[in-house]
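Here is the structure we will look at.
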Protein chains: 4
Amino acid sequence: MLLNTLLAVRRHSESLIDPLQPEDLGLQGMEDASPPKWHLAHTNWFFETFLLQPHLPGHQACDPRWSVLFNSYYEAVGARHPRPQRGLISRPGIDEVMRWRSDVDEGLSRLWESAEPTQIQLAELGLHHEQQHQELLLMDLLDGFSRQPLEPIYAPKSDFVAVKPPGEAKWLSCGGGLVAIGHQGVDADGGFHFDNEAPRHRLWLEAFALQDRLVTNSEYRAFMADGGYQRADLWMSEGWSHCQRQNWESPRYWRGEGPAWEWQEEFTLMGRQPLHPDAPVRHLSWFEADAFARWAGARLPSEGEWEIARLQHGEAMGQAHDHLWQWTSSPYRPYPGFQPAAGAIGEYNGKFMSSQFVLRGSCWLTPPGHGRDTYRNFYPPASRWMASGVRLAR
Amino acid sequence: MLLNTLLAVRRHSESLIDPLQPEDLGLQGMEDASPPKWHLAHTNWFFETFLLQPHLPGHQACDPRWSVLFNSYYEAVGARHPRPQRGLISRPGIDEVMRWRSDVDEGLSRLWESAEPTQIQLAELGLHHEQQHQELLLMDLLDGFSRQPLEPIYAPKSDFVAVKPPGEAKWLSCGGGLVAIGHQGVDADGGFHFDNEAPRHRLWLEAFALQDRLVTNSEYRAFMADGGYQRADLWMSEGWSHCQRQNWESPRYWRGEGPAWEWQEEFTLMGRQPLHPDAPVRHLSWFEADAFARWAGARLPSEGEWEIARLQHGEAMGQAHDHLWQWTSSPYRPYPGFQPAAGAIGEYNGKFMSSQFVLRGSCWLTPPGHGRDTYRNFYPPASRWMASGVRLAR
Amino acid sequence: MLLNTLLAVRRHSESLIDPLQPEDLGLQGMEDASPPKWHLAHTNWFFETFLLQPHLPGHQACDPRWSVLFNSYYEAVGARHPRPQRGLISRPGIDEVMRWRSDVDEGLSRLWESAEPTQIQLAELGLHHEQQHQELLLMDLLDGFSRQPLEPIYAPKSDFVAVKPPGEAKWLSCGGGLVAIGHQGVDADGGFHFDNEAPRHRLWLEAFALQDRLVTNSEYRAFMADGGYQRADLWMSEGWSHCQRQNWESPRYWRGEGPAWEWQEEFTLMGRQPLHPDAPVRHLSWFEADAFARWAGARLPSEGEWEIARLQHGEAMGQAHDHLWQWTSSPYRPYPGFQPAAGAIGEYNGKFMSSQFVLRGSCWLTPPGHGRDTYRNFYPPASRWMASGVRLAR
Amino acid sequence: MLLNTLLAVRRHSESLIDPLQPEDLGLQGMEDASPPKWHLAHTNWFFETFLLQPHLPGHQACDPRWSVLFNSYYEAVGARHPRPQRGLISRPGIDEVMRWRSDVDEGLSRLWESAEPTQIQLAELGLHHEQQHQELLLMDLLDGFSRQPLEPIYAPKSDFVAVKPPGEAKWLSCGGGLVAIGHQGVDADGGFHFDNEAPRHRLWLEAFALQDRLVTNSEYRAFMADGGYQRADLWMSEGWSHCQRQNWESPRYWRGEGPAWEWQEEFTLMGRQPLHPDAPVRHLSWFEADAFARWAGARLPSEGEWEIARLQHGEAMGQAHDHLWQWTSSPYRPYPGFQPAAGAIGEYNGKFMSSQFVLRGSCWLTPPGHGRDTYRNFYPPASRWMASGVRLAR
């Protein structure tokens, strides 16, 4: 990896706050989300903590209290500011954070002069970590903006245009049998992957079929009009309980008057927009995705099926990337033989492998070059603020 | 199935409350548990609602308000009394409940005279349902008794004696490859199974090994003494959060003074008893089982591995039944091709397939004849009141 | 005080559970209420703890764990079982509790043979304490029964018949000036009083008027029909928030279909009964009483006004006793010069003097001889399960 | 009132945010507090809603959604943004809010040209309202800053220096009898007062004494060292419960290591400062003030006593103003004959008259000219973030 690549990614993070007003920088709409300034500081903390402090002699680290503020969840590294209170961190101000980022840039440049391969690998992890937060920053911001009566607009052209032609979805038949999934490893293809994508391993699949595009708003509207949010028989018990307690009646950001299935608008990073019937439906919990699939007489694909279908059908499996993360039927668990990295970095993925589901693909907010067919994203089944969508299997 | 078999099971349920005092009948120690009287009434409601009301002309059903009180979770059947308030149902009194059970016995006898096969199948489901509640009644009672300073004794001889000889556990090697798990179906072996055990299906396993007995109290005590409850690195993030919020420091019912790893007693249905070092450790959450396995340099078996090991090793895989339900690494999800039964009965298992883990085997409270190698029990990963234990895999 | 008087009061307590079924004995409908068996045990604990243990040599006290179970709120006496979990105390059973009561009876009889005046005074406090719990036992039971779909009947004739003739209420004019309220003290009239009724003290009142009877159901229904539960302007802000969060739309036990102001039934200790238009409205929070008074163009009386009006008008001030406790506008605070008793007994009244309001009079559940014009009852302003009513002032 | 006076007060509000960084403007440390920007917008909303909209033809009001955002609690005026979510209002930005304030300034100037007396009175209410929020803004900011590890400094010289010479407090004896308290009314002295200070009315006081200064840090430290936070017998039951649940062990902003009674620092608007032993102790709940007084063998004064003592002793009653609001023993209730203003303005004070206690005096954050001897401030008894202190009575 070239230093310039890394620095370009870091510049991109900073450009994300250009359209914001100062008060937006501390906005935390809910416990699961973080303020924009926090994302910029946390990604910087990651490089300083795991790379510069241990490996760059003479690097002057930040105020130790900042480490507490910007440690997300690394127990091995020390104390952490409580997550629900990230919105209360008015200090350090953005200027100080940007200066800190600049110090770390400089440190990275110095380190690069004599960096060992393992250090480059850590830097590469930091780069992909920062890309994840670029996506998160915008999803979190959408959540925070959606809670405000003034419905702020983040930026023009900050939403995507679906590229799959409309019309009935086609079923892509896939042969089953003994297949292998997971990342090949660095030696095989030279590319980066997270620890949770490995090891590549065998599994048995029966023959199956996947749709060649994501479920659309108009398809989902039909589910709603048919009482999808009122029929307990379509839902997991746990999901039905969420649905009732939180009064779900549409995807998270639909807006309108009257019965929900008639709503015609959606809140987006471009503000309130008309709901396009052919665009893929988004911001659904796993429970809604699962209920929809049951209603449609289909099911969600397993993550193995998703990966194999992609292998067998390539681009014919439309909207696989750059649109929406796609819920699978697979609980997020370690692959057979999974080994987290040693030390605090091992907390990156491994400790979240309970009570979540895997999503595959990537979304319009995913930075270019960050997605992969073996990528395993994961969220709790009741989450709705992230850019999730549905692809049917049978 | 013979009518007498069914009636004998129903008599057994009733005998479970013999050692109790009247005030115990309404005891609900926590939201997840139900009072003894409620279990007796709910199992009766099941037969009346799904069998007698639709299929026995002239059957006089109970007061419709009782249906609300004793419906557990069947949305399709109508309204339900809130679960956390089952302990408030002082009426109907036990005499009325027993009279109702007797009416239903009579109805079942009348139905039997001309019952069709599908009705016998429903009755068989009712029988197995009632057996599940026999086990639950006692686990719930243990929870309720454990919350009382007087530490009531349920009955002498209500606990089990571990039959596996002590000493180091042996590793049973198991060949992997393409295997099949799940119930063969009624036609193949004539036996009953729940819908979630089917369909039988193929899966790929790499070679693995399982221990020939359950983890013991003394092995678990070593984990505790080594800081098992203080080391975040051993835990899933979600489990660590439970551990800290609820101050877990030992299995649910251990009792003692000083540091937990020195505690020498356990609360049981026989009251407070000395902890036997060779007895299998019990009343653990999945999170504790998972953390223990990680500490031990091993892992939990998948449910496929458990079932195949049992097939390959038979009785050599000790303590498979009649001791403790055994946590697996498998989230509770439908088998490929799973179809819930039509109608309300379809709510029996299918709607709970999220955010739970599978346990295999059976426990000392499981009624004779109720266990099976293909049996899939399931609980949320933070639950600790049921009779759970740990078997290691690698 | 004669020993026989005391024993008769204790027999009366025990007779209150005669109409109950065994499972009712442990019923705790909510955190604020206690089960019948607990009331019988707690009142016994009071005599044993404050009288027999310190003053009767050789008295064999109960199991020390029982002291934890049946201590209500006396911090100075030791640990207490958590109040919300009183419903979980299935042991000791009622038989053991009754035996304990009998032991204490015996102890009291022995003590009496040589009791000193201060001990008789303590016993008298115990008697009045037990009478308070007789009233509480039935109010708590009504709460617990009201939460059950079967709407149990406690006993016939367990409700009162209003004795004030119907028709428009009359305003009783009262002269103000420098007056004195509070109990005269034992020396003056030989009667018992609680510490919070003393010392008698002076206060200044402007002239005022009180109604000669309580507000009726039909008057309250007019408030409801006029949007009383929908108009924020009639309510204290804190009350409005309770009203909205808990969906108050009528007094606590009104029952019916359609809009609340048309409801025609009330749940009582006699089961569901027709609402009598002329009967005093009951089971209201202070917030409802205050909002009603504002709507009626009147106000609640202060406790001083209530006591002085009673002095000036005697029986002409109808329904002063034996119907409903009557909310006043007075926060429950110490009288000038108030001194709680020394020791644990001082916790009886003094430590509750914040965030509650005074009620005056007595109710149909108050045992004969227990009420007094100087009696200061008190409850938090959002409480509705006790026998409260409204009298207007201006 | 001169227009210039009003505009000067408004300028003062705006100057309060001069020392802040942009991210501080949206900081809401807890539900009870509001962000600085919100205070500036809400006080502006008050003038626009109650004065300009009804009385200035042609005034162009703000976006109606802003009215929802900046209405604090006026039910009669329309919907309100939920109080706990004021910290989420990142838009409108501070520039827009300042422009709006400028528009309202202009509107006020135009209105003034032909304002009627009732309009001037409303404007005067708005001025005093804005002054209240000046004080609140800084108390809320202190709360928000106190929750941040970096412990920001608001401004130098933003704290007060106690002017009462140290040494033993003196008791000021006060004659009792029939006295009168409350504001004289506009006609009598021409000064402004809030509706809750009226009507002036008679009351009877027994002779009493007040201390001539507030309780100091060193006096309060003696209470702490004597187990004040561990002795239930000193506390109201409700207060003891708060103390235990929230782990109170010192006044809100004390800081230090080891046992709390040895702590030597306090968090202030000037950052962390040494605790001066002679400075008045502050940021106490009513429960702590009440417990301290009991420990000291004294009591809190009633609000009548406070006002009469001030009348009888004048400046000899030191620290009456400009130091700390002083808890009284008086629940906040209406004076006899109290009438709230008609319309929405009537919600200003009247609807909060339950479950709060009165504080008298004023504090160092109170703007000059805002305090009065008849001023009735009020807070719930568990609140600690406002500038409260203690004066003893007997």
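Each chain in the structure tokens gets a letter, A, B and so on, in the order shown; residues start at 1 in every chain, and ligands are counted from 1 in the order they appear.
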
- Item | Distance query His39 of chain D at most 10 Å, only C-alpha atoms, self and fewer than 6 positions along chain excluded, as an MDAnalysis selection string | chainID D and resid 13:14 25 33 45 70 72 130 133:134 136:137 140

Kindly export the residues of the current selection with all heavy atoms, as a CSV table (one decimal), in the first residue's frame.
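New file selection.csv:
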chain,number,residue,atom,x,y,z
D,13,SER,N,-27.9,38.5,27.1
D,13,SER,CA,-28.0,37.1,26.8
D,13,SER,C,-27.1,36.7,25.7
D,13,SER,O,-26.4,35.6,25.9
D,13,SER,CB,-29.5,36.8,26.3
D,13,SER,OG,-30.4,37.2,27.2
D,14,GLU,N,-27.0,37.5,24.7
D,14,GLU,CA,-26.1,37.1,23.6
D,14,GLU,C,-24.6,37.1,24.0
D,14,GLU,O,-23.9,36.3,23.4
D,14,GLU,CB,-26.4,38.0,22.4
D,14,GLU,CG,-27.8,37.8,21.9
D,14,GLU,CD,-28.4,39.0,21.2
D,14,GLU,OE1,-27.7,40.0,20.9
D,14,GLU,OE2,-29.6,39.0,20.9
D,25,LEU,N,-22.7,25.0,21.7
D,25,LEU,CA,-24.0,25.6,21.6
D,25,LEU,C,-25.1,24.6,21.6
D,25,LEU,O,-26.3,25.0,21.9
D,25,LEU,CB,-24.1,26.5,20.3
D,25,LEU,CG,-23.1,27.6,20.3
D,25,LEU,CD1,-23.1,28.3,18.9
D,25,LEU,CD2,-23.5,28.7,21.4
D,33,ALA,N,-31.7,19.9,31.5
D,33,ALA,CA,-31.0,21.1,31.0
D,33,ALA,C,-31.3,21.3,29.6
D,33,ALA,O,-31.8,20.5,28.9
D,33,ALA,CB,-29.5,20.9,31.3
D,45,TRP,N,-38.5,33.3,21.1
D,45,TRP,CA,-39.8,32.8,20.8
D,45,TRP,C,-40.9,33.4,21.7
D,45,TRP,O,-42.0,33.7,21.3
D,45,TRP,CB,-39.8,31.3,20.9
D,45,TRP,CG,-41.1,30.6,20.9
D,45,TRP,CD1,-41.7,30.1,19.8
D,45,TRP,CD2,-41.9,30.3,22.0
D,45,TRP,NE1,-42.9,29.5,20.2
D,45,TRP,CE2,-43.0,29.6,21.5
D,45,TRP,CE3,-41.8,30.5,23.4
D,45,TRP,CZ2,-44.1,29.1,22.4
D,45,TRP,CZ3,-42.8,30.1,24.2
D,45,TRP,CH2,-43.9,29.4,23.7
D,70,PHE,N,-39.0,25.6,19.9
D,70,PHE,CA,-38.6,26.5,20.9
D,70,PHE,C,-39.7,26.8,21.9
D,70,PHE,O,-39.5,27.7,22.8
D,70,PHE,CB,-37.9,27.7,20.3
D,70,PHE,CG,-36.8,27.4,19.5
D,70,PHE,CD1,-36.7,27.7,18.1
D,70,PHE,CD2,-35.7,26.6,20.0
D,70,PHE,CE1,-35.6,27.4,17.3
D,70,PHE,CE2,-34.6,26.3,19.2
D,70,PHE,CZ,-34.6,26.6,17.9
D,72,SER,N,-41.3,25.9,25.2
D,72,SER,CA,-40.8,25.1,26.3
D,72,SER,C,-41.9,24.2,26.9
D,72,SER,O,-41.7,23.0,26.9
D,72,SER,CB,-40.2,26.0,27.4
D,72,SER,OG,-41.2,26.9,27.8
D,130,GLU,N,-36.4,36.3,30.2
D,130,GLU,CA,-35.1,36.2,29.6
D,130,GLU,C,-34.0,36.2,30.7
D,130,GLU,O,-33.0,35.5,30.5
D,130,GLU,CB,-34.9,37.3,28.6
D,130,GLU,CG,-33.6,37.2,27.8
D,130,GLU,CD,-33.7,37.5,26.3
D,130,GLU,OE1,-34.8,37.7,25.8
D,130,GLU,OE2,-32.6,37.6,25.7
D,133,HIS,N,-33.6,32.9,32.1
D,133,HIS,CA,-32.9,32.0,31.2
D,133,HIS,C,-31.4,32.3,31.2
D,133,HIS,O,-30.6,31.4,30.9
D,133,HIS,CB,-33.5,32.0,29.8
D,133,HIS,CG,-34.7,31.1,29.8
D,133,HIS,ND1,-34.6,29.7,29.6
D,133,HIS,CD2,-36.0,31.3,30.0
D,133,HIS,CE1,-35.8,29.1,29.7
D,133,HIS,NE2,-36.7,30.1,29.9
D,134,GLN,N,-31.0,33.5,31.4
D,134,GLN,CA,-29.6,33.8,31.5
D,134,GLN,C,-28.9,33.0,32.6
D,134,GLN,O,-27.8,32.4,32.4
D,134,GLN,CB,-29.3,35.3,31.8
D,134,GLN,CG,-29.7,36.2,30.5
D,134,GLN,CD,-29.8,37.7,30.8
D,134,GLN,OE1,-29.6,38.1,32.0
D,134,GLN,NE2,-30.1,38.5,29.8
D,136,LEU,N,-30.2,30.3,33.9
D,136,LEU,CA,-30.3,28.9,33.6
D,136,LEU,C,-29.3,28.4,32.6
D,136,LEU,O,-28.7,27.3,32.7
D,136,LEU,CB,-31.7,28.6,33.0
D,136,LEU,CG,-32.8,28.3,33.9
D,136,LEU,CD1,-34.2,28.2,33.2
D,136,LEU,CD2,-32.6,26.9,34.6
D,137,LEU,N,-29.1,29.3,31.6
D,137,LEU,CA,-28.1,28.9,30.5
D,137,LEU,C,-26.7,28.6,31.2
D,137,LEU,O,-26.1,27.6,30.8
D,137,LEU,CB,-27.9,30.1,29.6
D,137,LEU,CG,-27.1,30.0,28.3
D,137,LEU,CD1,-27.5,31.0,27.3
D,137,LEU,CD2,-25.6,30.1,28.6
D,140,ASP,N,-27.0,25.3,33.3
D,140,ASP,CA,-27.1,24.1,32.4
D,140,ASP,C,-25.7,23.9,31.8
D,140,ASP,O,-25.4,22.7,31.6
D,140,ASP,CB,-28.1,24.4,31.3
D,140,ASP,CG,-29.6,24.4,31.8
D,140,ASP,OD1,-29.8,24.2,33.0
D,140,ASP,OD2,-30.5,24.7,31.0

- Message: I need the residues in segment 302-370 of chain C that are strand (DSSP E or B) according to DSSP; give them as a ChimeraX atom specification.
- Response: /C:323,325-331,357-360,363

Listing only residues of chain C within 8 Å of chain D, what is the closest atom pair and its distance in Å (to one decimal) for each, using only C-alpha atoms, sorted by chain and residue number ascending, as CSV?
residue,atom,partner,partner_atom,distance
C:Glu75,CA,D:Ala232,CA,6.7
C:Ala76,CA,D:Asp233,CA,7.4
C:Leu178,CA,D:Trp204,CA,7.6
C:Arg202,CA,D:Trp204,CA,7.2
C:Leu203,CA,D:Trp204,CA,5.2
C:Trp204,CA,D:Leu203,CA,5.2
C:Leu205,CA,D:Leu203,CA,7.6
C:Ala232,CA,D:Glu75,CA,6.7
C:Asp233,CA,D:Ala76,CA,7.5
C:Trp235,CA,D:Lys351,CA,6.9
C:Met236,CA,D:Lys351,CA,4.5
C:Ser237,CA,D:Lys351,CA,5.2
C:Glu238,CA,D:Phe352,CA,7.1
C:Pro331,CA,D:Pro331,CA,6.7
C:Glu347,CA,D:Asp233,CA,7.8
C:Gly350,CA,D:Met236,CA,7.8
C:Lys351,CA,D:Met236,CA,4.5
C:Phe352,CA,D:Ser237,CA,5.8
C:Met353,CA,D:Met236,CA,6.8
C:Ser354,CA,D:Met236,CA,7.1
C:Ser355,CA,D:Ser355,CA,4.9
C:Gln356,CA,D:Ser355,CA,7.5

Quick one: residues within 8 Å of segment 105-108 of chain A, only C-alpha atoms, excluding same-chain residues fewer than 6 positions away - as a PDB file with N, CA, C and O atoms, in the first residue's frame?
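part03.pdb was written with the following content:
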ATOM      1  N   LEU A   7      -3.243   8.487   2.716  1.00  0.00           N
ATOM      2  CA  LEU A   7      -3.531   9.892   2.988  1.00  0.00           C
ATOM      3  C   LEU A   7      -4.740  10.381   2.209  1.00  0.00           C
ATOM      4  O   LEU A   7      -5.511  11.210   2.694  1.00  0.00           O
ATOM      5  N   LEU A  52       1.214   4.302  15.724  1.00  0.00           N
ATOM      6  CA  LEU A  52       2.260   5.278  16.064  1.00  0.00           C
ATOM      7  C   LEU A  52       2.801   5.094  17.468  1.00  0.00           C
ATOM      8  O   LEU A  52       4.018   5.116  17.677  1.00  0.00           O
ATOM      9  N   LEU A  56       6.375   4.148  16.491  1.00  0.00           N
ATOM     10  CA  LEU A  56       7.095   5.352  16.048  1.00  0.00           C
ATOM     11  C   LEU A  56       7.743   6.034  17.252  1.00  0.00           C
ATOM     12  O   LEU A  56       7.100   6.832  17.943  1.00  0.00           O
ATOM     13  N   HIS A  59       7.020   9.696  18.907  1.00  0.00           N
ATOM     14  CA  HIS A  59       5.710  10.272  18.582  1.00  0.00           C
ATOM     15  C   HIS A  59       5.056  10.794  19.852  1.00  0.00           C
ATOM     16  O   HIS A  59       4.961  10.095  20.863  1.00  0.00           O
TER      17      HIS A  59
END

- Query: Quick one: distance from atom CA of Gly258 of chain C to atom CA of Pro166 of chain C in Å, one decimal?
  - Reply: 27.3 Å

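Nearest to Leu88 of chain C of all the residues C:Asp18, C:Glu31, C:Glu257, C:Glu168 is C:Glu31, counting only C-alpha atoms.
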
- Task: Provide the atom CA of Tyr154 of chain B to atom CA of Pro22 of chain B distance in Å, to one decimal place.
- Result: 13.0 Å

Any chance you could tabulate, as a tab-separated table, the residues of segment 74-187 of chain D at most 12 Å from segment 384-391 of chain D with each one's nearest atom pair and distance in Å to one decimal, using only C-alpha atoms, in chain and rising number order?
residue	atom	partner	partner_atom	distance
D:Glu135	CA	D:Met386	CA	9.2
D:Leu136	CA	D:Met386	CA	7.9
D:Leu137	CA	D:Met386	CA	10.5
D:Leu138	CA	D:Met386	CA	9.3
D:Met139	CA	D:Met386	CA	5.7
D:Asp140	CA	D:Trp385	CA	7.5
D:Leu141	CA	D:Trp385	CA	9.9
D:Leu142	CA	D:Trp385	CA	8.0
D:Asp143	CA	D:Trp385	CA	6.3
D:Gly144	CA	D:Trp385	CA	10.0
D:Phe145	CA	D:Trp385	CA	11.6
D:Ser146	CA	D:Trp385	CA	10.1
D:Arg147	CA	D:Trp385	CA	11.8
D:Asp159	CA	D:Ala387	CA	11.2
D:Phe160	CA	D:Ala387	CA	11.5
D:Ala169	CA	D:Arg391	CA	10.0
D:Lys170	CA	D:Arg391	CA	11.4
D:Trp171	CA	D:Arg391	CA	10.7
D:Leu172	CA	D:Arg391	CA	11.7

For the residues in that selection, give me C-alpha atoms as a PDB file, in the first residue's frame.
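Dumped everything to part-v1.pdb:
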ATOM      1  CA  GLU D 135     -29.094  32.187  34.863  1.00  0.00           C
ATOM      2  CA  LEU D 136     -30.346  28.851  33.577  1.00  0.00           C
ATOM      3  CA  LEU D 137     -28.078  28.936  30.529  1.00  0.00           C
ATOM      4  CA  LEU D 138     -25.024  29.082  32.770  1.00  0.00           C
ATOM      5  CA  MET D 139     -26.263  26.490  35.269  1.00  0.00           C
ATOM      6  CA  ASP D 140     -27.100  24.147  32.403  1.00  0.00           C
ATOM      7  CA  LEU D 141     -23.731  24.760  30.821  1.00  0.00           C
ATOM      8  CA  LEU D 142     -21.975  23.934  34.082  1.00  0.00           C
ATOM      9  CA  ASP D 143     -23.859  20.646  34.097  1.00  0.00           C
ATOM     10  CA  GLY D 144     -22.878  19.914  30.499  1.00  0.00           C
ATOM     11  CA  PHE D 145     -19.245  20.835  31.044  1.00  0.00           C
ATOM     12  CA  SER D 146     -19.100  18.771  34.232  1.00  0.00           C
ATOM     13  CA  ARG D 147     -19.862  15.625  32.243  1.00  0.00           C
ATOM     14  CA  ASP D 159     -17.520  32.526  39.875  1.00  0.00           C
ATOM     15  CA  PHE D 160     -18.268  34.591  42.959  1.00  0.00           C
ATOM     16  CA  ALA D 169     -22.700  31.988  62.272  1.00  0.00           C
ATOM     17  CA  LYS D 170     -24.883  34.228  64.457  1.00  0.00           C
ATOM     18  CA  TRP D 171     -28.537  33.504  65.142  1.00  0.00           C
ATOM     19  CA  LEU D 172     -30.840  36.369  64.279  1.00  0.00           C
TER      20      LEU D 172
END

Neighbour list for Thr43 of chain B as a PDB file with C-alpha atoms, in the first residue's frame, cut-off 12 Å, only C-alpha atoms, skip fewer than 5 positions in-chain:
ATOM      1  CA  VAL B   9     -48.475 -38.087  31.420  1.00  0.00           C
ATOM      2  CA  ARG B  10     -51.247 -35.789  32.580  1.00  0.00           C
ATOM      3  CA  SER B  13     -47.977 -33.221  35.725  1.00  0.00           C
ATOM      4  CA  GLU B  14     -50.428 -33.078  38.575  1.00  0.00           C
ATOM      5  CA  PRO B  36     -46.967 -23.946  38.806  1.00  0.00           C
ATOM      6  CA  LYS B  37     -50.739 -23.497  38.580  1.00  0.00           C
ATOM      7  CA  TRP B  38     -50.337 -21.656  35.315  1.00  0.00           C
ATOM      8  CA  GLU B  48     -58.982 -27.965  24.817  1.00  0.00           C
ATOM      9  CA  THR B  49     -58.133 -25.282  22.280  1.00  0.00           C
ATOM     10  CA  PHE B  50     -56.464 -27.317  19.587  1.00  0.00           C
ATOM     11  CA  LEU B  51     -58.192 -30.663  20.021  1.00  0.00           C
ATOM     12  CA  SER B  67     -58.474 -18.708  27.366  1.00  0.00           C
ATOM     13  CA  PHE B  70     -53.776 -19.450  29.745  1.00  0.00           C
ATOM     14  CA  ASN B  71     -52.817 -18.786  26.145  1.00  0.00           C
ATOM     15  CA  SER B  72     -49.045 -18.533  26.219  1.00  0.00           C
ATOM     16  CA  VAL B  97     -58.106 -25.761  37.559  1.00  0.00           C
ATOM     17  CA  MET B  98     -58.064 -29.395  38.630  1.00  0.00           C
ATOM     18  CA  TRP B 100     -61.070 -28.295  34.401  1.00  0.00           C
ATOM     19  CA  ARG B 101     -58.266 -30.755  33.846  1.00  0.00           C
ATOM     20  CA  VAL B 104     -60.603 -32.257  29.586  1.00  0.00           C
ATOM     21  CA  ASP B 105     -59.518 -35.779  30.540  1.00  0.00           C
ATOM     22  CA  ALA B 123     -52.898 -35.249  20.979  1.00  0.00           C
ATOM     23  CA  LEU B 125     -48.135 -33.031  20.217  1.00  0.00           C
ATOM     24  CA  GLY B 126     -50.138 -32.086  23.297  1.00  0.00           C
ATOM     25  CA  LEU B 127     -48.493 -34.862  25.263  1.00  0.00           C
ATOM     26  CA  HIS B 128     -44.996 -33.735  24.314  1.00  0.00           C
ATOM     27  CA  HIS B 129     -45.998 -30.154  24.974  1.00  0.00           C
ATOM     28  CA  GLU B 130     -47.134 -31.136  28.450  1.00  0.00           C
ATOM     29  CA  GLN B 131     -43.872 -32.950  29.062  1.00  0.00           C
ATOM     30  CA  GLN B 132     -41.950 -29.831  28.131  1.00  0.00           C
ATOM     31  CA  HIS B 133     -43.954 -27.949  30.725  1.00  0.00           C
ATOM     32  CA  GLN B 134     -43.233 -30.579  33.377  1.00  0.00           C
ATOM     33  CA  LEU B 136     -40.319 -26.003  32.847  1.00  0.00           C
ATOM     34  CA  LEU B 137     -42.512 -26.081  35.924  1.00  0.00           C
TER      35      LEU B 137
END

- So which residues touch Phe267 of chain B within 9 Å, counting only C-alpha atoms, skipping near sequence neighbours fewer than 4 positions away, as JSON, numbers by chain? {"B": [142, 146, 151, 252, 253, 254, 255, 271, 272, 273, 274]}

- Message: DSSP on the backbone: which residues in segment 147-281 of chain D end up as helix (DSSP H, G or I)? Give the answer as a ChimeraX atom specification.
- Response: /D:186-189,195-197,217-225,232-234,237-245,260-262

- Message: Can you pull out the residues contacting Gly185 of chain A? Cut-off 8 Å, using only C-alpha atoms, and skip same-chain residues under 5 positions away; I want them as a ChimeraX atom specification.
- Response: /A:190-191,193,198-200

Keeping only N, CA and C atoms, take the residues you just selected and write them out as a PDB file, in the first residue's frame.
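Saved file selection_19.pdb follows:
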ATOM      1  N   GLY A 190      -3.548 -11.271  -3.062  1.00  0.00           N
ATOM      2  CA  GLY A 190      -2.924  -9.996  -2.732  1.00  0.00           C
ATOM      3  C   GLY A 190      -3.837  -8.948  -2.141  1.00  0.00           C
ATOM      4  N   GLY A 191      -5.089  -9.238  -1.951  1.00  0.00           N
ATOM      5  CA  GLY A 191      -5.991  -8.193  -1.488  1.00  0.00           C
ATOM      6  C   GLY A 191      -6.218  -8.223   0.011  1.00  0.00           C
ATOM      7  N   HIS A 193      -8.384  -8.252   3.443  1.00  0.00           N
ATOM      8  CA  HIS A 193      -9.673  -8.736   3.953  1.00  0.00           C
ATOM      9  C   HIS A 193      -9.663  -8.628   5.464  1.00  0.00           C
ATOM     10  N   ALA A 198     -12.260 -14.963   6.899  1.00  0.00           N
ATOM     11  CA  ALA A 198     -11.417 -16.156   6.771  1.00  0.00           C
ATOM     12  C   ALA A 198     -11.730 -17.100   7.932  1.00  0.00           C
ATOM     13  N   PRO A 199     -11.323 -18.340   7.868  1.00  0.00           N
ATOM     14  CA  PRO A 199     -10.659 -18.941   6.711  1.00  0.00           C
ATOM     15  C   PRO A 199     -11.671 -19.399   5.652  1.00  0.00           C
ATOM     16  N   ARG A 200     -11.172 -19.458   4.457  1.00  0.00           N
ATOM     17  CA  ARG A 200     -11.958 -20.052   3.381  1.00  0.00           C
ATOM     18  C   ARG A 200     -12.227 -21.496   3.779  1.00  0.00           C
TER      19      ARG A 200
END
